[in-house]
Amino acid sequence: MARPRASIVLVTRDGAATLPAVLDAITGQRFDGAIEVVAVDSSSTDGTRELLRQRADCLVSIDPGSFDHGLTRNLGVERARAEAVVLLVQDAVPASDTWLQRLVDGLEADPSVAGTFARQIPSDEAGALTRHYAERWLAASTAPRTSQLADRDAFECLDPFARFDCCVFDNVCSCIRRSVWLRHPFAATPFAEDLEWARTVLMHGYKICYVPEAAVIHSHERSAAYELARTRLLHRRLYDLFGMRTIPTLPHLGRAVASSLALHVSLERSPRALALAIAWPLGQYLGGRDAAKAATQ
């Protein structure tokens, strides 16, 4: 078989509610070259596997207990045949029929670019609170940007927040150069494999590009309990990777909760909004505290 120009790797688990729209959008792309779809599914029971057997070029099934954000994506990239490998989650729907062309063009335009990533647009069903925070993420900006480091010493000279900003990369929808991945695969990690990979390739002299012309529809309305656990894990990783603590002390936590409560009440008066005003700052504080404590042991 001829080698495709782009491979799309989907990591799935019980995604039947959103996958048809994602796959339809992939099929409808105006793209100059062949496309293959590789799926890695965590033993779905809702019809996802049956759907992927019909519409994916390659389907790999794994036990849910073996899922790892880095290693599971490695399984998909390993089976991909194109040099440009797009990593896409099961509920990120391409927003236009030029999404793939823009994402891949950004990678192919410069051989020193290791990865590109797409803009994320909240869904029509997203509430005011979700929209407020989504629009403040770098992957919501309409301005393109390129990150590059001179060397490892240049990274070490940055403050923690600047280190993070430089390494922003998002596997909700990204495109990586497979030849770079062969030298620098994703690390085994429970979270933030994309940030860690970006840090690694930047330190080895590659560039990361944000391509807002390539956009996906993607947002969530998750519970406060879920967001607390997710935020705590994320901020533990942010400390491990960048030495970054957004809420380092209890007084900082108190001020953050107070300001969040005022903001949330102004945007969306609901029990969930009030709970998130506590969950998000608390998760940041606990995650940073956990990581800082572990680093001293």
# chains A, B, ... in the order shown; residues from 1 in each chain; ligands from 1

$ closest_atom_pairs --of "range 35-147 of chain A" --to "range 248-272 of chain A" --cutoff "9 Å" --atoms "only C-alpha atoms" --output "CSV"
residue,atom,partner,partner_atom,distance
A:Gly127,CA,A:Glu268,CA,7.9
A:Ala128,CA,A:Leu267,CA,6.0
A:Leu129,CA,A:Leu267,CA,6.0
A:His132,CA,A:Leu267,CA,8.4

$ write_last_selection --atoms "N, CA and C atoms" --output "mmCIF file, in the first residue's frame"
data_model
loop_
_atom_site.group_PDB
_atom_site.id
_atom_site.type_symbol
_atom_site.label_atom_id
_atom_site.label_comp_id
_atom_site.auth_asym_id
_atom_site.auth_seq_id
_atom_site.Cartn_x
_atom_site.Cartn_y
_atom_site.Cartn_z
ATOM 1 N N GLY A 127 -21.432 25.988 28.755
ATOM 2 C CA GLY A 127 -21.954 27.059 29.582
ATOM 3 C C GLY A 127 -21.003 28.242 29.650
ATOM 4 N N ALA A 128 -21.479 29.317 30.288
ATOM 5 C CA ALA A 128 -20.690 30.550 30.365
ATOM 6 C C ALA A 128 -19.373 30.330 31.112
ATOM 7 N N LEU A 129 -19.405 29.519 32.157
ATOM 8 C CA LEU A 129 -18.198 29.271 32.940
ATOM 9 C C LEU A 129 -17.167 28.497 32.110
ATOM 10 N N HIS A 132 -15.645 30.791 29.561
ATOM 11 C CA HIS A 132 -14.730 31.770 30.152
ATOM 12 C C HIS A 132 -13.337 31.176 30.308
#

$ residues_around --residues "Ser112 in chain A" --least-positions-apart "6" --cutoff "12 Å" --atoms "only C-alpha atoms" --output "compact mmCIF listing (two decimals) with C-alpha atoms, in the first residue's frame"
# COMPACT_ATOMS: atom_id res chain seq x y z
CA GLY A 106 2.36 23.65 9.62
CA THR A 146 6.24 29.21 17.55
CA SER A 147 8.22 28.03 20.58
CA GLN A 148 11.94 27.36 20.41
CA LEU A 149 14.84 27.09 22.86
CA ILE A 176 3.85 15.20 15.46
CA ARG A 177 6.75 14.29 13.19
CA SER A 179 10.87 10.56 12.77
CA VAL A 180 11.27 12.84 15.82
CA VAL A 201 11.95 18.08 21.87
CA LEU A 202 12.45 21.77 22.55
CA HIS A 204 16.83 18.99 21.60
CA GLY A 205 16.55 22.01 19.31
CA TYR A 206 13.16 21.46 17.67
CA LYS A 207 10.24 23.89 17.40
CA ILE A 208 6.61 23.60 18.46
CA CYS A 209 4.00 25.56 16.48

$ residues_around --residues "range 183-195 of chain A" --least-positions-apart "2" --cutoff "7 Å" --atoms "only C-alpha atoms" --output "PyMOL selection string"
chain A and resi 68-71+74+167-171+179-181+197-199+234+237

$ closest_residue --among "A:His220, A:His235, A:Arg178, A:Lys293" --to "Tyr133 in chain A" --atoms "only C-alpha atoms"
A:His220

$ residues_around --residues "Arg81 in chain A" --least-positions-apart "3" --cutoff "10 Å" --atoms "only C-alpha atoms" --output "VMD selection string"
chain A and resid 2 to 8 35 to 36 38 77 to 78 84 to 85 178

$ residues_around --residues "Leu87 in chain A" --least-positions-apart "4" --cutoff "7 Å" --atoms "only C-alpha atoms" --output "PyMOL selection string"
chain A and resi 8-10+171+173-175
